[in-house]
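The structure appears right after this line, and notes come after that.
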Amino acid sequence: MRDPMSWSIPVFRAFGILVRVHVFFFVITIGLFLRQLSLPQYDGVWWLDMFLLTVVVLFGSVLLHEFGHCFGARYVGGDAREILIWPLGGLAYTEIPHRWRALFTTVAAGPAVNVLICAVCAAGLMSKGFYPSLNPLADPHRAEMTNFRDGRTYTSASSPRLYKAGTTEQPSYDEVTAKRAEYEKQHGRYSFPKITQRAEYDAAVAAMGYERAVVPTWAVWAFRIFWLNWLLFLFNMIPAYPLDGGQLLQSLIWARTDHRRGVVVAAYTGFAVAILFLIVSIAANEALFLGLALFMLYSASMRLMQLEMEDGPFGYDFSAGYTSLEKYDEPAPKPKRPGPIKRWLAARRARKAARIAEERQKEEERVDQLLEKIARSGKGSLTDEEQRFLERVSARKRNAP
């Protein structure tokens with residue numbers, strides 16, 4: 001209990017990987033959720049929508065990202081046995097061969113999962129005419145998307161965007177104000193429905209001669225999942241250690257030079273980005289950026305200290321790059337486990353081979369029986385079918401390679 005990093009709860013195990021959640025993950029996400037509740041621009045947003053996006057969808061997206069790292073490690077012959085979801089994202093504990101390609105593949109598999117999720121959500125939205133914005137600063141609760149079929153810009157039900165009935169023309173603020181005043185005069189003062197009263201609000205808008213362009217609920221959530229995974233992808237691709245972009249940078253520098261130089265470049269890039277985050281956190285009074293900056297500074301400095309220990313008087317000097325030491329000290333990579341399609345094809349071939357072997361065995365047994373019959377009663381005792389069977393088997397054996 002003295003080590004805050006150990007304050008995690010085992011949640012479940014999947015694919016042989018234990019998933020643990022740090023208690024501070026819920027502290028941060030619930031804090032973000034409560035902060036959104038206090039923002040005036042989210043007055044019409046249902047609190048459950050905020051909670052699901054900030055806590056549940058974020059947890060699922062980060063978890064799938066970390067599973068991508070784990071499967072990437074296994075693909076290159078390594079292993080992964082644990083995932084920790086903690087306040088600043090996720091950590092996948094992997095063991096991979098000491099090669100730049102193995103590092104690159106393992107690291108790239110995480111952001112690739114986020115891209116795949118974005119592609120699935122975008123495909124669903126585009127099938128209905130919507131295309132999501134690639135702006136990472138977009139408001140996920142507003143869910144603003146343009147429909148390329150009718151030219152209108154749609155939003156969620158909590159953020160109305162009005163159009164003149166049957167057109168793509170938006171009324172001006174003065175027009176809407178005048179129409180609303182007229183509606184309230186006809187129906188009584190302060191009688192205009194609130195936006196949370198969906199049916200009454202739509203009826204009032206229709207009475208004013210307008211239509212509201214509202215995104216379907218499923219499309220709103222597809223947009224939110226797309227936006228969150230796109231944001232996670234862009235953030236993780238920042239080329240600064242220990243983010244995925246920094247480790248990809250390390251592997252590419254390693255491929256061109258050596259391991260040590262890759263670590264040094266990635267670590268010092270991490271220092272530069274961390275300082276930038278510190279400036280932003282102070283200017284914007286944003287505690288989350290402050291936490292990220294401190295974590296990046298700590299991780300980059302610890303990685304450099306670890307590198308110095310590797311280069312110590314009792315270690316190998318990696319400044320000249322990996323030579324024969326890597327070849328002899330590195331354990332042989334584990335054989336890759338074939339994918340489900342290859343396993344199915346192999347099982348199909350095995351069943352076919354077993355069936356053919358069984359048929360050949362039955363043929364041999366019948367041939368022996370017929371040869372015994374010929375020895376007892378002569379060839380003339382064979383029926384026409386038995387003679388054709390012997391001729392067919394003899395021909396196959398003659399033509400066999």
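We name chains A, B, ... following the order of the structure tokens; residues begin at 1 in each chain, and ligands are numbered from 1 as shown.
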
Next on the checklist: Please identify the helix (DSSP H, G or I) residues within range 96-296 of chain A (assignment by DSSP from backbone atoms) and present them as a ChimeraX atom specification.
Outcome noted: /A:100-126,173-187,198-207,217-236,244-256,259-284,287-296

Item to check | All residues 9 Å or closer to range 364-379 of chain A, only C-alpha atoms, same chain fewer than 6 positions away omitted, as a ChimeraX atom specification | outcome: /A:386-387,389-390,393

For the residues selected in the previous step, produce a file with N, CA and C atoms as an mmCIF file, in the first residue's frame.
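Produced file selection-v4.cif, reproduced below:
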data_model
loop_
_atom_site.group_PDB
_atom_site.id
_atom_site.type_symbol
_atom_site.label_atom_id
_atom_site.label_comp_id
_atom_site.auth_asym_id
_atom_site.auth_seq_id
_atom_site.Cartn_x
_atom_site.Cartn_y
_atom_site.Cartn_z
ATOM 1 N N GLU A 386 -16.220 -56.479 -59.335
ATOM 2 C CA GLU A 386 -14.950 -56.791 -58.681
ATOM 3 C C GLU A 386 -13.781 -56.677 -59.662
ATOM 4 N N GLN A 387 -14.008 -57.096 -60.918
ATOM 5 C CA GLN A 387 -12.949 -56.963 -61.921
ATOM 6 C C GLN A 387 -12.643 -55.490 -62.205
ATOM 7 N N PHE A 389 -13.079 -53.035 -60.160
ATOM 8 C CA PHE A 389 -12.411 -52.496 -58.968
ATOM 9 C C PHE A 389 -10.920 -52.807 -59.003
ATOM 10 N N LEU A 390 -10.548 -54.063 -59.331
ATOM 11 C CA LEU A 390 -9.135 -54.422 -59.390
ATOM 12 C C LEU A 390 -8.419 -53.654 -60.489
ATOM 13 N N VAL A 393 -7.824 -50.041 -59.258
ATOM 14 C CA VAL A 393 -6.761 -49.942 -58.263
ATOM 15 C C VAL A 393 -5.401 -50.168 -58.914
#

Can I get the residues of range 170-263 of chain A within 12 Å of range 130-137 of chain A, each with the closest pair of atoms and their distance in Å to one decimal, using only C-alpha atoms, sorted chain first then ascending number, as a Markdown table?
| residue | atom | partner | partner_atom | distance |
| --- | --- | --- | --- | --- |
| A:Val214 | CA | A:Phe130 | CA | 11.7 |
| A:Val215 | CA | A:Phe130 | CA | 9.1 |
| A:Pro216 | CA | A:Phe130 | CA | 10.8 |
| A:Ala219 | CA | A:Phe130 | CA | 8.5 |
| A:Val220 | CA | A:Pro132 | CA | 10.1 |
| A:Trp221 | CA | A:Pro132 | CA | 11.5 |
| A:Ala222 | CA | A:Pro132 | CA | 9.2 |
| A:Phe223 | CA | A:Pro132 | CA | 6.4 |
| A:Arg224 | CA | A:Pro132 | CA | 9.4 |
| A:Ile225 | CA | A:Pro132 | CA | 10.7 |
| A:Phe226 | CA | A:Pro132 | CA | 7.8 |
| A:Trp227 | CA | A:Pro136 | CA | 6.8 |
| A:Leu228 | CA | A:Pro136 | CA | 8.3 |
| A:Asn229 | CA | A:Pro136 | CA | 9.8 |
| A:Trp230 | CA | A:Pro136 | CA | 7.1 |
| A:Leu231 | CA | A:Pro136 | CA | 5.5 |
| A:Leu232 | CA | A:Pro136 | CA | 9.3 |
| A:Phe233 | CA | A:Pro136 | CA | 10.1 |
| A:Leu234 | CA | A:Pro136 | CA | 8.2 |
| A:Phe235 | CA | A:Pro136 | CA | 9.6 |

Range 284-296 of chain A: which residues within 10 Å, counting only C-alpha atoms, same-chain residues fewer than 6 positions away excluded, as a PDB file with C-alpha atoms, in the first residue's frame?
ATOM      1  CA  ILE A  28      -9.458  11.159 -13.042  1.00  0.00           C
ATOM      2  CA  LEU A  32     -13.585  14.910 -15.828  1.00  0.00           C
ATOM      3  CA  PRO A  87      -4.866   7.616 -14.867  1.00  0.00           C
ATOM      4  CA  LEU A  88      -2.802   8.642 -17.902  1.00  0.00           C
ATOM      5  CA  GLY A  89      -3.876   5.852 -20.236  1.00  0.00           C
ATOM      6  CA  ALA A 240       8.004  11.843 -27.629  1.00  0.00           C
ATOM      7  CA  TYR A 241       8.950   9.126 -25.158  1.00  0.00           C
ATOM      8  CA  PRO A 242       7.132   7.254 -23.599  1.00  0.00           C
ATOM      9  CA  LEU A 243       4.228   7.768 -26.014  1.00  0.00           C
ATOM     10  CA  ALA A 267      14.070  10.575 -24.520  1.00  0.00           C
ATOM     11  CA  GLY A 270      10.163  13.570 -24.701  1.00  0.00           C
ATOM     12  CA  PHE A 271      11.850  16.239 -22.579  1.00  0.00           C
ATOM     13  CA  ALA A 272      11.049  18.909 -25.191  1.00  0.00           C
ATOM     14  CA  VAL A 273       7.388  17.908 -25.513  1.00  0.00           C
ATOM     15  CA  ALA A 274       7.042  17.666 -21.724  1.00  0.00           C
ATOM     16  CA  ILE A 275       8.271  21.243 -21.344  1.00  0.00           C
ATOM     17  CA  LEU A 276       5.754  22.338 -23.975  1.00  0.00           C
ATOM     18  CA  PHE A 277       3.004  20.555 -22.032  1.00  0.00           C
ATOM     19  CA  LEU A 278       4.128  22.309 -18.860  1.00  0.00           C
ATOM     20  CA  MET A 302      14.315   6.896 -15.990  1.00  0.00           C
TER      21      MET A 302
END

Next on the checklist: Would you compute the distance between CA of Gly72 in chain A and CA of Phe15 in chain A? Give it in Å to one decimal.
Outcome noted: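 Computed distance, CA of Gly72 in chain A to CA of Phe15 in chain A, equals 13.2 Å.
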
Next on the checklist: Just the number, please: distance in Å from CA of Tyr268 in chain A to CA of His65 in chain A, one decimal.
Outcome noted: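 Taking CA of Tyr268 in chain A as the start and CA of His65 in chain A as the end point, the length is 25.2 Å.
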
Next on the checklist: One decimal, in Å: what's the spacing between CA of Arg101 in chain A and CA of Ile341 in chain A?
Outcome noted: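 Rounded to one decimal, the two atoms are 24.7 Å apart.
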
Item to check | Close residues, Pro239 in chain A itself excluded, 7 Å, only C-alpha atoms, min 3 positions apart in chain, as number ranges by chain | outcome: A: 245-246, 249

Save the residues we just selected, N, CA and C atoms, as a PDB file, in the first residue's frame?
ATOM      1  N   GLY A 245       4.350   7.269 -30.300  1.00  0.00           N
ATOM      2  CA  GLY A 245       5.113   7.963 -31.334  1.00  0.00           C
ATOM      3  C   GLY A 245       6.582   8.063 -30.986  1.00  0.00           C
ATOM      4  N   GLY A 246       6.894   8.284 -29.704  1.00  0.00           N
ATOM      5  CA  GLY A 246       8.289   8.333 -29.280  1.00  0.00           C
ATOM      6  C   GLY A 246       8.983   6.998 -29.417  1.00  0.00           C
ATOM      7  N   LEU A 249       9.625   6.385 -33.027  1.00  0.00           N
ATOM      8  CA  LEU A 249      10.804   7.164 -33.396  1.00  0.00           C
ATOM      9  C   LEU A 249      12.075   6.457 -32.939  1.00  0.00           C
TER      10      LEU A 249
END

Checklist entry - Which of range 158-367 of chain A counts as strand (DSSP E or B) under DSSP, as a list of chain:residue names please? => result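 Selection result, strand (DSSP E or B) within range 158-367 of chain A: A:Leu162, A:Tyr163, A:Lys164, A:Tyr210, A:Glu211, A:Arg212, A:Val214.
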